[in-house]
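Text of model10.cif (mmCIF, C-alpha atoms) as supplied:
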```cif
data_structure
#
loop_
_atom_site.label_atom_id
_atom_site.label_comp_id
_atom_site.auth_asym_id
_atom_site.auth_seq_id
_atom_site.Cartn_x
_atom_site.Cartn_y
_atom_site.Cartn_z
CA MET A 24 0.36 -29.13 16.30
CA SER A 25 -1.82 -27.34 13.74
CA ASP A 26 -3.14 -25.08 16.52
CA VAL A 27 0.42 -24.06 17.39
CA ARG A 28 1.24 -23.39 13.72
CA ASP A 29 -1.90 -21.28 13.42
CA ALA A 30 -0.92 -19.40 16.57
CA LEU A 31 2.58 -18.78 15.23
CA THR A 32 1.20 -17.48 11.95
CA ARG A 33 -1.22 -15.18 13.75
CA VAL A 34 1.39 -13.94 16.21
CA HIS A 35 3.87 -13.30 13.40
CA ARG A 36 1.30 -11.17 11.60
CA GLU A 37 0.31 -9.28 14.76
CA GLU A 38 3.61 -8.99 16.62
CA TRP A 39 6.46 -8.93 14.09
CA ALA A 40 6.41 -5.15 13.62
CA ARG A 41 6.10 -4.53 17.36
CA VAL A 42 9.06 -6.79 18.20
CA VAL A 43 11.29 -5.34 15.46
CA ALA A 44 10.29 -1.79 16.39
CA THR A 45 11.06 -2.30 20.07
CA LEU A 46 14.48 -3.74 19.32
CA ALA A 47 15.29 -1.12 16.69
CA LYS A 48 14.57 1.61 19.20
CA ARG A 49 16.67 -0.07 21.90
CA PHE A 50 19.66 -1.12 19.82
CA GLY A 51 19.53 1.55 17.11
CA ASN A 52 20.19 -0.89 14.30
CA LEU A 53 17.73 -2.47 11.86
CA ASP A 54 19.94 -5.49 11.11
CA THR A 55 20.24 -6.34 14.80
CA ALA A 56 16.50 -5.89 15.30
CA GLU A 57 15.51 -7.98 12.28
CA ASP A 58 17.96 -10.83 12.95
CA ALA A 59 17.05 -11.06 16.62
CA ALA A 60 13.32 -11.03 15.87
CA ALA A 61 13.77 -13.80 13.28
CA GLU A 62 15.75 -15.88 15.81
CA ALA A 63 13.05 -15.36 18.43
CA PHE A 64 10.34 -16.62 16.07
CA ALA A 65 12.53 -19.60 15.15
CA THR A 66 12.91 -20.39 18.84
CA ALA A 67 9.16 -20.15 19.28
CA ALA A 68 8.65 -22.62 16.43
CA GLU A 69 10.94 -25.06 18.23
CA ARG A 70 9.62 -24.65 21.77
CA TRP A 71 5.94 -23.80 21.58
CA PRO A 72 4.81 -27.19 20.18
CA SER A 73 6.07 -28.91 23.37
CA GLU A 74 5.79 -26.07 25.91
CA GLY A 75 2.59 -24.50 24.65
CA VAL A 76 1.89 -20.96 23.46
CA PRO A 77 2.73 -18.51 26.29
CA PRO A 78 -0.06 -16.36 27.76
CA ALA A 79 1.55 -13.19 26.35
CA PRO A 80 3.28 -14.32 23.15
CA GLY A 81 4.29 -10.81 22.10
CA ALA A 82 6.08 -10.16 25.37
CA TRP A 83 7.72 -13.61 25.20
CA LEU A 84 9.01 -12.91 21.71
CA THR A 85 10.27 -9.44 22.63
CA THR A 86 12.14 -10.78 25.67
CA THR A 87 13.61 -13.66 23.68
CA ALA A 88 14.62 -11.38 20.81
CA THR A 89 16.26 -8.93 23.23
CA ARG A 90 18.34 -11.74 24.72
CA LYS A 91 19.30 -12.93 21.23
CA ALA A 92 20.42 -9.42 20.31
CA ILE A 93 22.50 -9.03 23.47
CA ASP A 94 24.09 -12.46 22.91
CA ARG A 95 25.00 -11.44 19.39
CA ILE A 96 26.55 -8.16 20.57
CA ARG A 97 28.55 -10.05 23.18
CA ARG A 98 29.91 -12.44 20.59
CA GLU A 99 30.85 -9.72 18.15
CA SER A 100 31.77 -6.81 20.39
CA THR A 101 35.09 -5.19 21.21
CA ARG A 102 35.86 -3.79 24.65
CA ASP A 103 34.31 -0.42 23.77
CA ALA A 104 31.22 -2.14 22.42
CA ARG A 105 30.92 -4.10 25.69
CA HIS A 106 30.53 -0.82 27.54
CA ARG A 107 27.75 0.07 25.12
CA GLU A 108 26.22 -3.36 25.67
CA ALA A 109 26.19 -2.82 29.41
CA MET A 110 24.32 0.44 28.89
CA LEU A 111 21.79 -1.30 26.66
CA VAL A 112 21.20 -4.04 29.21
CA TYR A 113 20.98 -1.91 32.32
CA ASP A 114 19.90 1.50 31.09
CA THR A 115 16.39 2.22 32.34
CA THR A 116 16.13 5.87 31.28
CA THR A 117 13.29 6.83 29.01
CA GLU A 118 13.36 9.34 26.22
CA PRO A 119 10.89 12.24 26.21
CA LEU A 120 7.60 11.55 24.46
CA GLY A 121 7.71 12.74 20.86
CA ALA A 122 4.87 13.77 18.59
CA ILE A 123 3.89 10.09 18.43
CA ASP A 124 4.81 7.66 21.18
CA ASP A 125 4.56 4.25 19.56
CA ASP A 126 7.43 1.97 18.57
CA ARG A 127 5.63 0.52 15.55
CA LEU A 128 4.80 3.91 14.10
CA ARG A 129 8.38 5.00 14.75
CA LEU A 130 9.55 2.07 12.63
CA ILE A 131 7.18 2.99 9.80
CA PHE A 132 8.54 6.52 9.77
CA VAL A 133 12.13 5.28 9.79
CA CYS A 134 11.45 2.95 6.85
CA CYS A 135 9.71 5.77 4.95
CA HIS A 136 12.37 8.39 5.64
CA PRO A 137 12.61 10.95 2.81
CA ALA A 138 16.35 10.29 2.52
CA LEU A 139 15.52 6.92 0.93
CA ALA A 140 14.41 6.39 -2.65
CA MET A 141 10.73 5.51 -2.96
CA GLU A 142 11.44 1.93 -4.13
CA SER A 143 13.63 1.44 -1.05
CA ARG A 144 10.92 2.83 1.23
CA VAL A 145 8.38 0.37 -0.14
CA ALA A 146 10.70 -2.62 0.14
CA LEU A 147 11.93 -1.73 3.62
CA THR A 148 8.40 -1.11 4.89
CA LEU A 149 7.21 -4.49 3.63
CA ARG A 150 10.22 -6.24 5.20
CA MET A 151 10.53 -4.49 8.56
CA VAL A 152 6.91 -3.57 9.27
CA GLY A 153 5.01 -6.12 7.19
CA GLY A 154 7.32 -9.02 8.02
CA LEU A 155 7.36 -10.27 4.41
CA SER A 156 10.39 -12.29 3.39
CA VAL A 157 12.85 -10.97 0.83
CA SER A 158 11.58 -13.62 -1.61
CA GLU A 159 7.96 -12.55 -1.13
CA ILE A 160 8.82 -8.90 -1.75
CA ALA A 161 10.94 -9.80 -4.77
CA ARG A 162 8.06 -11.81 -6.28
CA ALA A 163 5.65 -8.97 -5.63
CA PHE A 164 7.79 -6.57 -7.63
CA LEU A 165 9.08 -9.06 -10.21
CA VAL A 166 12.78 -8.83 -9.42
CA GLN A 167 15.37 -11.40 -8.37
CA ASP A 168 15.75 -12.24 -4.67
CA THR A 169 19.35 -11.02 -4.79
CA THR A 170 18.27 -7.70 -6.31
CA MET A 171 15.64 -7.11 -3.65
CA GLY A 172 17.96 -8.26 -0.88
CA ALA A 173 20.60 -5.80 -2.05
CA ARG A 174 18.00 -3.01 -2.21
CA ILE A 175 16.92 -3.62 1.37
CA THR A 176 20.52 -3.92 2.56
CA ARG A 177 21.43 -0.61 0.92
CA ALA A 178 18.41 1.08 2.51
CA LYS A 179 19.40 -0.12 5.97
CA ALA A 180 23.01 0.90 5.38
CA LYS A 181 21.90 4.37 4.32
CA ILE A 182 19.83 4.73 7.49
CA ALA A 183 22.86 3.75 9.57
CA ALA A 184 25.30 5.94 7.64
CA ALA A 185 23.02 8.98 7.74
CA GLY A 186 22.46 8.57 11.45
CA ILE A 187 18.68 8.62 11.00
CA PRO A 188 17.32 8.51 14.57
CA PHE A 189 14.90 5.80 15.68
CA ARG A 190 12.32 8.23 16.94
CA SER A 191 9.11 9.72 15.67
CA PRO A 192 9.42 13.01 13.82
CA ALA A 193 8.81 16.25 15.69
CA ALA A 194 5.29 17.63 15.55
CA ASP A 195 6.32 20.29 13.03
CA ASP A 196 7.73 17.62 10.70
CA LEU A 197 4.75 15.31 10.96
CA PRO A 198 2.57 16.54 8.04
CA ALA A 199 5.38 16.13 5.48
CA ARG A 200 6.47 12.81 6.90
CA VAL A 201 2.95 11.38 7.08
CA SER A 202 2.40 12.22 3.43
CA GLY A 203 5.50 10.17 2.56
CA VAL A 204 4.22 7.20 4.56
CA LEU A 205 0.84 7.41 2.84
CA ALA A 206 2.52 7.58 -0.57
CA VAL A 207 4.39 4.35 0.18
CA LEU A 208 1.24 2.56 1.35
CA PHE A 209 -0.63 3.77 -1.74
CA LEU A 210 2.10 2.40 -4.03
CA ILE A 211 1.96 -0.97 -2.28
CA PHE A 212 -1.84 -1.06 -2.61
CA ASN A 213 -1.81 -0.02 -6.27
CA GLU A 214 0.71 -2.71 -7.18
CA GLY A 215 -1.67 -5.25 -5.66
CA TYR A 216 -4.81 -3.68 -7.14
CA LEU A 217 -3.46 -3.81 -10.70
CA ALA A 218 -0.13 -5.62 -10.93
CA SER A 219 2.28 -3.94 -13.31
CA GLY A 220 4.15 -6.98 -14.62
CA SER A 221 2.93 -9.15 -17.48
CA ASP A 222 4.05 -12.32 -15.66
CA ALA A 223 2.26 -11.51 -12.39
CA PRO A 224 -1.32 -12.40 -11.48
CA PRO A 225 -3.56 -9.47 -12.49
CA VAL A 226 -4.54 -8.76 -8.88
CA ARG A 227 -2.18 -9.34 -5.94
CA GLU A 228 -4.45 -9.86 -2.92
CA GLU A 229 -1.48 -10.31 -0.58
CA LEU A 230 -0.29 -6.78 -1.38
CA THR A 231 -3.69 -5.09 -1.10
CA SER A 232 -4.33 -6.90 2.19
CA GLU A 233 -0.93 -5.89 3.58
CA ALA A 234 -1.43 -2.26 2.56
CA ILE A 235 -4.83 -2.23 4.27
CA ARG A 236 -3.36 -3.81 7.40
CA LEU A 237 -0.65 -1.15 7.56
CA ALA A 238 -3.20 1.61 6.90
CA ARG A 239 -5.32 0.29 9.77
CA LEU A 240 -2.24 0.34 11.99
CA LEU A 241 -1.47 3.90 10.97
CA ARG A 242 -5.03 5.02 11.67
CA GLU A 243 -4.96 3.29 15.05
CA LEU A 244 -1.90 5.36 15.89
CA LEU A 245 -3.04 8.62 14.22
CA PRO A 246 -6.85 8.58 14.52
CA ALA A 247 -7.23 12.35 14.14
CA ASN A 248 -5.35 12.57 10.83
CA GLY A 249 -7.91 13.03 8.07
CA GLU A 250 -5.69 11.86 5.24
CA VAL A 251 -4.83 8.64 7.09
CA THR A 252 -8.56 7.96 7.50
CA GLY A 253 -9.15 8.90 3.88
CA MET A 254 -6.43 6.51 2.71
CA LEU A 255 -7.95 3.62 4.65
CA ALA A 256 -11.45 4.41 3.35
CA LEU A 257 -10.13 4.57 -0.21
CA MET A 258 -8.41 1.20 0.09
CA LEU A 259 -11.46 -0.47 1.63
CA LEU A 260 -13.84 0.81 -1.04
CA VAL A 261 -11.54 -0.25 -3.89
CA GLU A 262 -10.79 -3.63 -2.29
CA ALA A 263 -14.51 -4.25 -1.84
CA ARG A 264 -14.88 -4.44 -5.63
CA ARG A 265 -12.03 -6.94 -6.10
CA PRO A 266 -14.27 -10.09 -6.37
CA ALA A 267 -15.96 -8.57 -9.43
CA ARG A 268 -12.93 -7.04 -11.16
CA VAL A 269 -11.66 -10.07 -13.12
CA SER A 270 -13.97 -12.36 -15.07
CA ALA A 271 -13.81 -16.14 -15.16
CA ALA A 272 -12.13 -15.76 -18.57
CA GLY A 273 -9.35 -13.70 -16.99
CA GLU A 274 -10.46 -10.31 -18.33
CA LEU A 275 -10.60 -7.07 -16.40
CA VAL A 276 -14.23 -6.06 -15.83
CA PRO A 277 -14.85 -2.27 -15.98
CA LEU A 278 -16.77 -0.67 -13.14
CA ALA A 279 -19.94 -0.17 -15.19
CA GLU A 280 -20.03 -3.88 -16.10
CA GLN A 281 -19.25 -5.34 -12.67
CA ASP A 282 -21.77 -7.52 -10.83
CA ARG A 283 -22.38 -5.40 -7.74
CA ALA A 284 -23.77 -8.42 -5.91
CA LEU A 285 -20.19 -9.72 -5.76
CA TRP A 286 -18.91 -6.64 -3.95
CA ASP A 287 -17.97 -6.97 -0.27
CA ALA A 288 -20.80 -5.23 1.59
CA GLU A 289 -18.94 -5.10 4.91
CA LEU A 290 -15.93 -3.33 3.43
CA ILE A 291 -18.22 -0.88 1.63
CA ALA A 292 -20.11 -0.11 4.84
CA GLU A 293 -16.86 0.46 6.71
CA GLY A 294 -15.46 2.67 3.96
CA HIS A 295 -18.65 4.74 3.77
CA ALA A 296 -18.62 5.20 7.55
CA LEU A 297 -15.07 6.55 7.41
CA VAL A 298 -15.99 8.95 4.59
CA ARG A 299 -18.99 10.20 6.59
CA GLU A 300 -16.77 10.60 9.65
CA ARG A 301 -14.47 12.93 7.71
CA LEU A 302 -17.39 14.89 6.25
CA ALA A 303 -18.79 15.37 9.77
CA SER A 304 -15.48 16.86 10.91
CA GLY A 305 -16.19 19.99 8.90
CA LEU A 306 -12.53 20.20 7.87
CA ALA A 307 -11.46 20.71 4.27
CA PRO A 308 -10.68 17.30 2.73
CA GLY A 309 -7.28 16.35 1.38
CA ARG A 310 -6.37 14.29 -1.68
CA TYR A 311 -6.99 10.84 -0.24
CA GLN A 312 -10.25 11.91 1.39
CA LEU A 313 -11.54 13.20 -1.95
CA LEU A 314 -10.50 10.00 -3.73
CA ALA A 315 -12.28 8.02 -1.01
CA ALA A 316 -15.38 10.15 -1.53
CA VAL A 317 -15.27 9.44 -5.28
CA ASN A 318 -15.18 5.73 -4.56
CA ALA A 319 -17.99 6.10 -2.03
CA VAL A 320 -20.13 7.53 -4.83
CA HIS A 321 -19.14 4.64 -7.11
CA THR A 322 -20.24 2.11 -4.46
CA ASP A 323 -23.47 3.85 -3.39
CA GLY A 324 -26.62 2.45 -4.96
CA ALA A 325 -27.11 0.64 -8.23
CA SER A 326 -25.21 3.10 -10.42
CA THR A 327 -22.72 5.96 -10.22
CA ASP A 328 -23.92 9.55 -9.79
CA TRP A 329 -21.48 11.16 -12.20
CA THR A 330 -22.55 14.69 -11.26
CA GLN A 331 -21.19 14.08 -7.76
CA VAL A 332 -18.02 12.52 -9.16
CA VAL A 333 -17.35 15.58 -11.35
CA ALA A 334 -17.90 17.89 -8.37
CA LEU A 335 -15.40 15.91 -6.30
CA TYR A 336 -12.83 15.93 -9.10
CA ASP A 337 -13.32 19.69 -9.41
CA GLN A 338 -12.14 19.94 -5.80
CA LEU A 339 -9.37 17.40 -6.27
CA VAL A 340 -7.88 19.06 -9.35
CA ARG A 341 -7.38 22.23 -7.30
CA LEU A 342 -5.27 20.23 -4.82
CA ASP A 343 -3.58 17.96 -7.33
CA PRO A 344 -3.67 19.24 -10.94
CA SER A 345 -1.62 16.28 -12.19
CA PRO A 346 -2.38 14.91 -15.67
CA ILE A 347 -3.78 11.65 -14.24
CA VAL A 348 -6.26 13.49 -12.00
CA ARG A 349 -7.27 15.66 -14.95
CA LEU A 350 -7.73 12.51 -17.07
CA ASN A 351 -10.03 10.98 -14.47
CA ARG A 352 -11.99 14.22 -14.30
CA ALA A 353 -12.28 14.25 -18.11
CA VAL A 354 -13.71 10.73 -18.07
CA ALA A 355 -16.25 11.76 -15.42
CA VAL A 356 -17.21 14.86 -17.43
CA GLY A 357 -17.70 12.64 -20.47
CA GLU A 358 -20.10 10.45 -18.50
CA CYS A 359 -21.94 13.45 -17.07
CA ASP A 360 -21.98 16.00 -19.89
CA GLY A 361 -21.47 13.89 -23.00
CA PRO A 362 -18.61 12.20 -24.87
CA GLU A 363 -17.82 15.23 -27.06
CA LEU A 364 -16.78 17.34 -24.07
CA GLY A 365 -15.05 14.37 -22.46
CA LEU A 366 -13.00 13.74 -25.61
CA ALA A 367 -12.00 17.40 -25.88
CA LEU A 368 -10.67 17.36 -22.32
CA ILE A 369 -8.88 14.04 -22.86
CA ASP A 370 -7.23 15.25 -26.05
CA GLU A 371 -5.78 18.23 -24.15
CA LEU A 372 -3.62 15.70 -22.27
CA THR A 373 -2.08 14.00 -25.32
CA GLY A 374 1.33 15.58 -24.87
CA GLU A 375 1.52 14.69 -21.17
CA LEU A 376 0.00 11.19 -21.20
CA GLY A 377 0.89 9.80 -24.61
CA GLY A 378 2.89 6.99 -22.99
CA TYR A 379 0.21 6.14 -20.40
CA HIS A 380 -2.03 3.29 -21.49
CA PRO A 381 -5.17 4.32 -19.49
CA PHE A 382 -5.15 7.58 -21.48
CA HIS A 383 -5.50 5.66 -24.76
CA ALA A 384 -8.07 3.28 -23.24
CA ALA A 385 -10.18 6.19 -21.99
CA ARG A 386 -9.91 7.91 -25.35
CA ALA A 387 -11.00 4.71 -27.13
CA GLN A 388 -14.06 4.49 -24.91
CA VAL A 389 -15.36 7.97 -25.73
CA LEU A 390 -14.50 7.59 -29.43
CA ALA A 391 -16.54 4.39 -29.53
CA ARG A 392 -19.48 6.18 -27.87
CA LEU A 393 -19.26 8.78 -30.63
CA GLY A 394 -19.33 6.07 -33.30
CA ARG A 395 -15.77 6.81 -34.43
CA ASP A 396 -14.87 3.13 -34.40
CA SER A 397 -11.74 3.21 -36.57
CA GLU A 398 -10.18 5.88 -34.35
CA ALA A 399 -11.27 3.99 -31.25
CA ARG A 400 -9.59 0.84 -32.55
CA ALA A 401 -6.36 2.76 -33.18
CA ALA A 402 -6.50 4.11 -29.62
CA LEU A 403 -6.96 0.57 -28.32
CA ASP A 404 -3.92 -0.54 -30.33
CA ALA A 405 -1.89 2.13 -28.52
CA ALA A 406 -3.30 1.06 -25.14
CA ILE A 407 -2.54 -2.64 -25.77
CA ALA A 408 1.03 -1.84 -26.81
CA LEU A 409 1.63 -0.03 -23.51
CA ALA A 410 -0.36 -2.18 -21.06
CA GLU A 411 1.28 -5.04 -19.12
CA ASN A 412 -1.42 -6.37 -16.80
CA ALA A 413 -2.70 -9.63 -18.30
CA ALA A 414 -6.36 -9.10 -17.40
CA GLU A 415 -6.31 -5.56 -18.71
CA VAL A 416 -4.68 -6.60 -21.99
CA ALA A 417 -7.29 -9.36 -22.43
CA TYR A 418 -10.12 -6.88 -21.95
CA LEU A 419 -8.60 -4.33 -24.34
CA MET A 420 -8.05 -6.98 -27.02
CA ARG A 421 -11.67 -8.13 -26.79
CA ARG A 422 -12.89 -4.54 -27.12
CA ARG A 423 -10.64 -4.08 -30.14
CA ALA A 424 -12.03 -7.24 -31.76
CA GLU A 425 -15.61 -6.00 -31.18
CA LEU A 426 -14.82 -2.65 -32.71
CA GLY A 427 -13.09 -4.34 -35.62
CA ALA A 428 -16.24 -6.35 -36.32
CA ARG A 429 -18.31 -3.15 -36.26
CA VAL A 430 -15.92 -1.46 -38.67
CA ASP A 431 -16.05 -4.47 -41.03
CA GLU A 432 -19.86 -4.51 -40.91
CA GLY A 433 -19.92 -0.79 -41.66
#
```
Take the structure from the file and write it as structure tokens.
Amino acid sequence: MSDVRDALTRVHREEWARVVATLAKRFGNLDTAEDAAAEAFATAAERWPSEGVPPAPGAWLTTTATRKAIDRIRRESTRDARHREAMLVYDTTTEPLGAIDDDRLRLIFVCCHPALAMESRVALTLRMVGGLSVSEIARAFLVQDTTMGARITRAKAKIAAAGIPFRSPAADDLPARVSGVLAVLFLIFNEGYLASGSDAPPVREELTSEAIRLARLLRELLPANGEVTGMLALMLLVEARRPARVSAAGELVPLAEQDRALWDAELIAEGHALVRERLASGLAPGRYQLLAAVNAVHTDGASTDWTQVVALYDQLVRLDPSPIVRLNRAVAVGECDGPELGLALIDELTGELGGYHPFHAARAQVLARLGRDSEARAALDAAIALAENAAEVAYLMRRRAELGARVDEG
């Protein structure tokens, strides 16, 4: 019995997106696809313990789900809908191959359509492609089940009302659409990497793992896309450090203080290989490739080569001159060329990042290096007031207490 349960769990993880994608393409409706897939898995849970796991479980589930969908249409259809049903059952025509001919990737692009708000894209991707339940997604983003359920329902309704086709985008549309998909996956990963809610665990492994799984799927389907490869490399290199990121006391551990022996060597090797692959292509790197390269430097050897990091951020800031990228570059400059220059660059961002707690934390760090402990403690107060992640708050409070002791001694 446990073997069957394990098989069901594995098949759900591997085949859910494929089954839903196949049905969505055939029936043109996400609700029909999702409900039929769920019924097929429920049927498998009932029958496989006595009948055994079929030789091709994915095909079995797809066939069963298709029958469930047709049965549902028959029960609910009018005469006109029965004609449509007959076409669905007996139509054997195939559509021309698009820019990407894969049902799973088609589903990802539908869920990440630019007509949807970003929060809806994330939720719909996790539900339809990741196979997470509404409750699991709601817990991940700290909202009520009913709120998340309504969000997903509205997203599916908007897709239906807008007539968004269940096909891959045309080749000319692909670059813009891929960037949207990558943005969604990056948001999912970041929420797992450093959870935003004060009531959530500091690191959400289930979200980082799911984002990596989806990034692997995307790379499998788009192996020549450099930014897809860069995204996967970035995720792997950051995830590799997860075992060392939170101390036994529940505090966030900064990169410089992490025990590198705890890092996942296999993930680091894989991430480095992907970065080298992109470098060997000779093509100009994009944003995610440069971020992956920064993290490759962080995970290469016993310490970080900050000269390389600054050089990479110099390239990145030309592609993405956002305040957060400029803040990260300022921190790297401070490590490479001294805290005075780092602080000057950080202070230039006060007006843009005054409500962003990492800005105040970074500023506190360089002020402390300069011996300006009272100012550093004030910056930490600002960071603590804005931060929500429990492990991060614990670390910032300890640093503030240490600086307070130094100020008192002075």
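Evaluated against this file, the PyMOL selection byres ((chain A and resi 242) around 12) yields Leu128, Val201, Val204, Leu205, Ile235, Arg236, Leu237, Ala238, Arg239, Leu240, Leu241, Glu243, Leu244, Leu245, Pro246, Ala247, Asn248, Gly249, Glu250, Val251, Thr252, Gly253, Met254, Leu255, Ala256 and Leu297 of chain A.
Restricting the calculation to all atoms listed in the file, the smallest distance between Asn318 (chain A) and any of A:Pro346, A:Val42, A:Pro362, A:Leu259 is found for A:Leu259.
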Neighbour list for Ala413 (chain A) as a ChimeraX atom specification, cut-off 12 Å, all atoms listed in the file, skip fewer than 3 positions in-chain:
/A:217-226,269,272-275,407,409-410,416-420
Please list, as an NGL selection string, the residues that have an atom at most 10 Å away from (-4.0, -6.1, 3.1) in the coordinates of this file, counting only C-alpha atoms.
:A and (153 or 211-212 or 215 or 227-239 or 258-259 or 262)
For the structure provided, state which residues fall under the PyMOL selection byres ((chain A and resi 351) around 10), and present them as a PyMOL selection string.
chain A and resi 332-333+336+340+346-350+352-357+369+381-382+385
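Residue nearest Ser143 (chain A), chosen from A:Lys48, A:Ala315, A:Arg174, A:Leu335 and counting all atoms listed in the file: A:Arg174.
Note that CA of Arg144 (chain A) and CA of Ala206 (chain A) are 9.8 Å apart.
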Completion of region 387-401 of chain A up to N, CA, C and O atoms, as an mmCIF file, keeping the file's coordinate frame:
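Output contents, as saved in part-v8.cif:
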```cif
data_model
loop_
_atom_site.group_PDB
_atom_site.id
_atom_site.type_symbol
_atom_site.label_atom_id
_atom_site.label_comp_id
_atom_site.auth_asym_id
_atom_site.auth_seq_id
_atom_site.Cartn_x
_atom_site.Cartn_y
_atom_site.Cartn_z
ATOM 1 N N ALA A 387 -10.288 5.692 -26.297
ATOM 2 C CA ALA A 387 -11.000 4.710 -27.130
ATOM 3 C C ALA A 387 -12.455 4.593 -26.703
ATOM 4 O O ALA A 387 -13.351 4.462 -27.552
ATOM 5 N N GLN A 388 -12.691 4.650 -25.410
ATOM 6 C CA GLN A 388 -14.060 4.490 -24.910
ATOM 7 C C GLN A 388 -14.970 5.618 -25.411
ATOM 8 O O GLN A 388 -16.083 5.362 -25.886
ATOM 9 N N VAL A 389 -14.502 6.866 -25.312
ATOM 10 C CA VAL A 389 -15.360 7.970 -25.730
ATOM 11 C C VAL A 389 -15.471 8.019 -27.260
ATOM 12 O O VAL A 389 -16.527 8.384 -27.802
ATOM 13 N N LEU A 390 -14.412 7.645 -27.973
ATOM 14 C CA LEU A 390 -14.500 7.590 -29.430
ATOM 15 C C LEU A 390 -15.533 6.559 -29.883
ATOM 16 O O LEU A 390 -16.298 6.799 -30.839
ATOM 17 N N ALA A 391 -15.562 5.416 -29.185
ATOM 18 C CA ALA A 391 -16.540 4.390 -29.530
ATOM 19 C C ALA A 391 -17.960 4.886 -29.269
ATOM 20 O O ALA A 391 -18.878 4.613 -30.060
ATOM 21 N N ARG A 392 -18.140 5.626 -28.163
ATOM 22 C CA ARG A 392 -19.480 6.180 -27.870
ATOM 23 C C ARG A 392 -19.910 7.163 -28.944
ATOM 24 O O ARG A 392 -21.112 7.328 -29.204
ATOM 25 N N LEU A 393 -18.950 7.819 -29.573
ATOM 26 C CA LEU A 393 -19.260 8.780 -30.630
ATOM 27 C C LEU A 393 -19.406 8.121 -32.003
ATOM 28 O O LEU A 393 -19.672 8.793 -33.010
ATOM 29 N N GLY A 394 -19.222 6.785 -32.038
ATOM 30 C CA GLY A 394 -19.330 6.070 -33.300
ATOM 31 C C GLY A 394 -18.115 6.175 -34.179
ATOM 32 O O GLY A 394 -18.158 5.787 -35.360
ATOM 33 N N ARG A 395 -17.005 6.663 -33.648
ATOM 34 C CA ARG A 395 -15.770 6.810 -34.430
ATOM 35 C C ARG A 395 -14.921 5.555 -34.205
ATOM 36 O O ARG A 395 -13.873 5.578 -33.565
ATOM 37 N N ASP A 396 -15.419 4.432 -34.755
ATOM 38 C CA ASP A 396 -14.870 3.130 -34.400
ATOM 39 C C ASP A 396 -13.436 2.917 -34.888
ATOM 40 O O ASP A 396 -12.623 2.291 -34.207
ATOM 41 N N SER A 397 -13.107 3.398 -36.062
ATOM 42 C CA SER A 397 -11.740 3.210 -36.570
ATOM 43 C C SER A 397 -10.733 3.923 -35.678
ATOM 44 O O SER A 397 -9.666 3.383 -35.356
ATOM 45 N N GLU A 398 -11.061 5.145 -35.253
ATOM 46 C CA GLU A 398 -10.180 5.880 -34.350
ATOM 47 C C GLU A 398 -10.115 5.205 -32.983
ATOM 48 O O GLU A 398 -9.038 5.170 -32.349
ATOM 49 N N ALA A 399 -11.245 4.680 -32.545
ATOM 50 C CA ALA A 399 -11.270 3.990 -31.250
ATOM 51 C C ALA A 399 -10.378 2.746 -31.298
ATOM 52 O O ALA A 399 -9.644 2.457 -30.343
ATOM 53 N N ARG A 400 -10.428 2.032 -32.429
ATOM 54 C CA ARG A 400 -9.590 0.840 -32.550
ATOM 55 C C ARG A 400 -8.110 1.207 -32.552
ATOM 56 O O ARG A 400 -7.283 0.519 -31.939
ATOM 57 N N ALA A 401 -7.749 2.309 -33.178
ATOM 58 C CA ALA A 401 -6.360 2.760 -33.180
ATOM 59 C C ALA A 401 -5.914 3.137 -31.762
ATOM 60 O O ALA A 401 -4.780 2.855 -31.351
#
```
